[in-house]
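One structure below.
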Amino acid sequence: MAKICHITSAHQPGDIRIFHKECSTLAAAGFDVFLVVPWKINEVKNGVTIIGAGLPDNLSRRQRLLGSAGAVWRKARSLNADIYHFHDPDLLRYAGKMTKTGAKVIYDSHEDLPRQVKSKYYIPGWMRDPLSRYLERYENKVVRRIWGVVAATPLILKRFKQVNPNTVTVCNYPLLVEFDKDVPWTSRRRQVAYLGSITRVRGIVELVQAMEHVDAQLVLAGLFSPASLRDEVKQLPGWKKVKELGFVDRGEVASILAESKVGVVTLYPQDNYRESLPIKLFEYMAAGVPVVASDFPLWKAIVEGNQCGVCANPQNAGDIAAALQKILSDDEGARIMGRNGRRAVLEMYNWHQEGEKLVKFYKKALEVV
């Protein structure tokens, strides 16, 4: 049985993409799967052996960058796996050392990193463009020397396919089992849901501004970053219609969506967002919830192409409010939109087919091990 080791220097042991989707799928396919994480944990779950490097849970970003990658690499190296699957860019510095052991190295590119850094508030503005160019050159240099790449979006696939032919798209689509209940529309509230990290470039200011003009409650399930942004947003008149839940687990996500009539994903038109496939978009659809999404061409093709929501200018609160009102003012139309989105996920945008692609990719890698 081939030994597979997934490594992350930043994600939690229960990360949806890494553990629940990729590792669990590979274990179910018969691989001997290990997951090495920075934290203090040692357990077997879903057939996956989770091993922690013993670091404290409250590492700062600086501490993680300086020490986490080395700690998980040393722990992973001792496993003598056939394939090492890296989930974070700061692990790429160890790719050469892993390759020299005879193991295959796979890089899982969750985000378009060179474009992503341009939107990081904690990186000085003058530094973002040169850092972006450096990271693209660095990633490409390492990717040329490893066995292959798992790309989370078609755009990332296109980029890495040019430097490594062993590149496959494995999109972060929903696990159908998490949304296996077709909730009756009549049991839903006049509620708008937002899931995930809450930042300025993810549209929180405009969304709360829009709620001032919408007859509904907005449920926020996620954490503000930076925390000071919360103080700013709380001053907006629309905040009186907000119910803030903070971080929620997967069961709570399903419950929130089961009682909502709209899901919102209005990210700003930044380079790393325009061609992204945010999981929250497809989770809304899987739960039968109509969507208000940014009016990017790719997202319009998905949302309006499947008649499961309305697209709006994410930087225009009035446009977002109008989109929300359009859905909320036509209950039967909203129910049909929700049904259309759920059907699209059941037929196309689901993890089952992506998991099959991942297993096939691994079998290809192991043919030459």
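Chain labels A, B, ... are given in the sequence in which chains occur in the structure tokens; within each chain residues are numbered consecutively from 1, and ligands are likewise numbered from 1 in the order shown.
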Contacts of A:Tyr273 at 10 Å or less, counting only C-alpha atoms, minus same-chain residues fewer than 5 places along, as an MDAnalysis selection string?
chainID A and resid 111:112 115:116 119 201:202 267:268 278 294 296
Please produce, as a tab-separated table, a per-residue contact table for stretch 291-362 of chain A versus stretch 81-92 of chain A (criterion: any atom at most 12 Å away, only C-alpha atoms considered), showing the nearest atom pair and its distance in Å to one decimal, sorted by chain then residue number.
```
residue	atom	partner	partner_atom	distance
A:Leu358	CA	A:His85	CA	11.7
A:Phe361	CA	A:Ile83	CA	11.7
A:Tyr362	CA	A:Ile83	CA	8.6
```
Residues of the last selection are to be written out with N, CA and C atoms, as a compact mmCIF listing (two decimals), in the first residue's frame.
```
# COMPACT_ATOMS: atom_id res chain seq x y z
N LEU A 358 -8.63 13.42 -8.36
CA LEU A 358 -7.47 13.38 -7.47
C LEU A 358 -6.92 11.96 -7.35
N PHE A 361 -5.07 11.05 -10.42
CA PHE A 361 -3.80 11.76 -10.47
C PHE A 361 -2.76 11.04 -9.62
N TYR A 362 -3.15 10.58 -8.45
CA TYR A 362 -2.25 9.84 -7.58
C TYR A 362 -1.82 8.51 -8.18
```
Given the choices A:Ala286, A:Ile302, A:Val48, A:Ile4, which gets closest to A:Leu175 if the distance is worked out from only C-alpha atoms?
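For A:Leu175, the nearest of the candidates is A:Ala286.
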A:Lys234 surroundings by only C-alpha atoms, 10 Å radius, close-in-sequence under 5 positions cut, as a count of residues only:
6
Picked from stretch 218-281 of chain A by DSSP as strand (DSSP E), as a PyMOL selection string:
chain A and resi 218-221+242-244+262-265
Excluding A:Thr101 and any residue of its chain fewer than 3 positions from it, enumerate the residues within 12 Å of it, using only C-alpha atoms, and give them as a list of chain:residue names.
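Once the adjacent positions are removed, what remains is A:Arg77, A:Ser78, A:Leu79, A:Asn80, A:Ala81, A:Asp82, A:Ile83, A:Tyr84, A:Tyr94, A:Ala95, A:Gly96, A:Lys97, A:Met98, A:Lys104, A:Val105, A:Val369.
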Output of the above residues as a PDB file, in the first residue's frame, restricted to N, CA and C atoms:
```
ATOM      1  N   ARG A  77       9.220  14.179   7.197  1.00  0.00           N
ATOM      2  CA  ARG A  77      10.384  13.495   6.630  1.00  0.00           C
ATOM      3  C   ARG A  77      10.587  12.125   7.265  1.00  0.00           C
ATOM      4  N   SER A  78      10.271  12.011   8.557  1.00  0.00           N
ATOM      5  CA  SER A  78      10.497  10.746   9.264  1.00  0.00           C
ATOM      6  C   SER A  78       9.538   9.646   8.841  1.00  0.00           C
ATOM      7  N   LEU A  79       8.500   9.988   8.098  1.00  0.00           N
ATOM      8  CA  LEU A  79       7.510   8.994   7.694  1.00  0.00           C
ATOM      9  C   LEU A  79       7.925   8.200   6.459  1.00  0.00           C
ATOM     10  N   ASN A  80       8.905   8.689   5.703  1.00  0.00           N
ATOM     11  CA  ASN A  80       9.384   8.002   4.494  1.00  0.00           C
ATOM     12  C   ASN A  80       8.233   7.648   3.552  1.00  0.00           C
ATOM     13  N   ALA A  81       7.445   8.639   3.220  1.00  0.00           N
ATOM     14  CA  ALA A  81       6.288   8.425   2.354  1.00  0.00           C
ATOM     15  C   ALA A  81       6.697   8.316   0.887  1.00  0.00           C
ATOM     16  N   ASP A  82       5.794   7.740   0.098  1.00  0.00           N
ATOM     17  CA  ASP A  82       6.008   7.662  -1.352  1.00  0.00           C
ATOM     18  C   ASP A  82       5.672   8.984  -2.035  1.00  0.00           C
ATOM     19  N   ILE A  83       4.671   9.673  -1.504  1.00  0.00           N
ATOM     20  CA  ILE A  83       4.261  10.961  -2.056  1.00  0.00           C
ATOM     21  C   ILE A  83       4.091  11.951  -0.908  1.00  0.00           C
ATOM     22  N   TYR A  84       4.649  13.151  -1.082  1.00  0.00           N
ATOM     23  CA  TYR A  84       4.442  14.247  -0.146  1.00  0.00           C
ATOM     24  C   TYR A  84       3.626  15.326  -0.850  1.00  0.00           C
ATOM     25  N   TYR A  94      11.307  23.167   1.009  1.00  0.00           N
ATOM     26  CA  TYR A  94      11.745  21.807   1.345  1.00  0.00           C
ATOM     27  C   TYR A  94      11.470  20.805   0.223  1.00  0.00           C
ATOM     28  N   ALA A  95      10.927  21.285  -0.881  1.00  0.00           N
ATOM     29  CA  ALA A  95      10.567  20.380  -1.976  1.00  0.00           C
ATOM     30  C   ALA A  95      11.784  19.644  -2.516  1.00  0.00           C
ATOM     31  N   GLY A  96      12.901  20.356  -2.699  1.00  0.00           N
ATOM     32  CA  GLY A  96      14.110  19.720  -3.220  1.00  0.00           C
ATOM     33  C   GLY A  96      14.613  18.622  -2.312  1.00  0.00           C
ATOM     34  N   LYS A  97      14.595  18.851  -0.998  1.00  0.00           N
ATOM     35  CA  LYS A  97      15.065  17.846  -0.047  1.00  0.00           C
ATOM     36  C   LYS A  97      14.171  16.615  -0.072  1.00  0.00           C
ATOM     37  N   MET A  98      12.873  16.812  -0.217  1.00  0.00           N
ATOM     38  CA  MET A  98      11.955  15.681  -0.304  1.00  0.00           C
ATOM     39  C   MET A  98      12.187  14.895  -1.580  1.00  0.00           C
ATOM     40  N   LYS A 104       7.868  11.412  -4.499  1.00  0.00           N
ATOM     41  CA  LYS A 104       7.236  12.365  -5.394  1.00  0.00           C
ATOM     42  C   LYS A 104       6.664  13.515  -4.563  1.00  0.00           C
ATOM     43  N   VAL A 105       6.773  14.731  -5.065  1.00  0.00           N
ATOM     44  CA  VAL A 105       6.243  15.906  -4.379  1.00  0.00           C
ATOM     45  C   VAL A 105       5.141  16.528  -5.224  1.00  0.00           C
ATOM     46  N   VAL A 369       6.618   5.241  -9.244  1.00  0.00           N
ATOM     47  CA  VAL A 369       7.288   5.192  -7.947  1.00  0.00           C
ATOM     48  C   VAL A 369       8.046   3.879  -7.809  1.00  0.00           C
TER      49      VAL A 369
END
```
Would you list the contacts of A:Gly14 as a ChimeraX atom specification, taking every protein, DNA or RNA residue within 12 Å and counting only C-alpha atoms, but skipping same-chain residues closer than 2 positions in sequence?
/A:8,10-12,16-24,35-37,39,41,43-46,48,50,249-250
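Considering the residues A:Tyr134, A:Gly305, A:Ala322, A:Asn316 and counting only C-alpha atoms, A:Asn340 has its shortest atom-to-atom contact with A:Gly305.
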DSSP on the backbone: what in stretch 136-222 of chain A comes out alpha helix (DSSP H), as a list in words?
Glu136, Arg137, Tyr138, Glu139, Asn140, Lys141, Val142, Val143, Pro154, Leu155, Ile156, Leu157, Lys158, Arg159, Phe160, Lys161, Ile204, Val205, Glu206, Leu207, Val208, Gln209, Ala210 and Met211 of chain A
Rounded to one decimal, what separation in Å do you get between atom CA of A:Val149 and atom CA of A:Gly67?
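One can read the atom CA of A:Val149 to atom CA of A:Gly67 distance as 24.4 Å.
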For the atom pair atom CA of A:Ser68 and atom CA of A:Asn140, what is the interatomic distance in Å to one decimal place?
22.7 Å
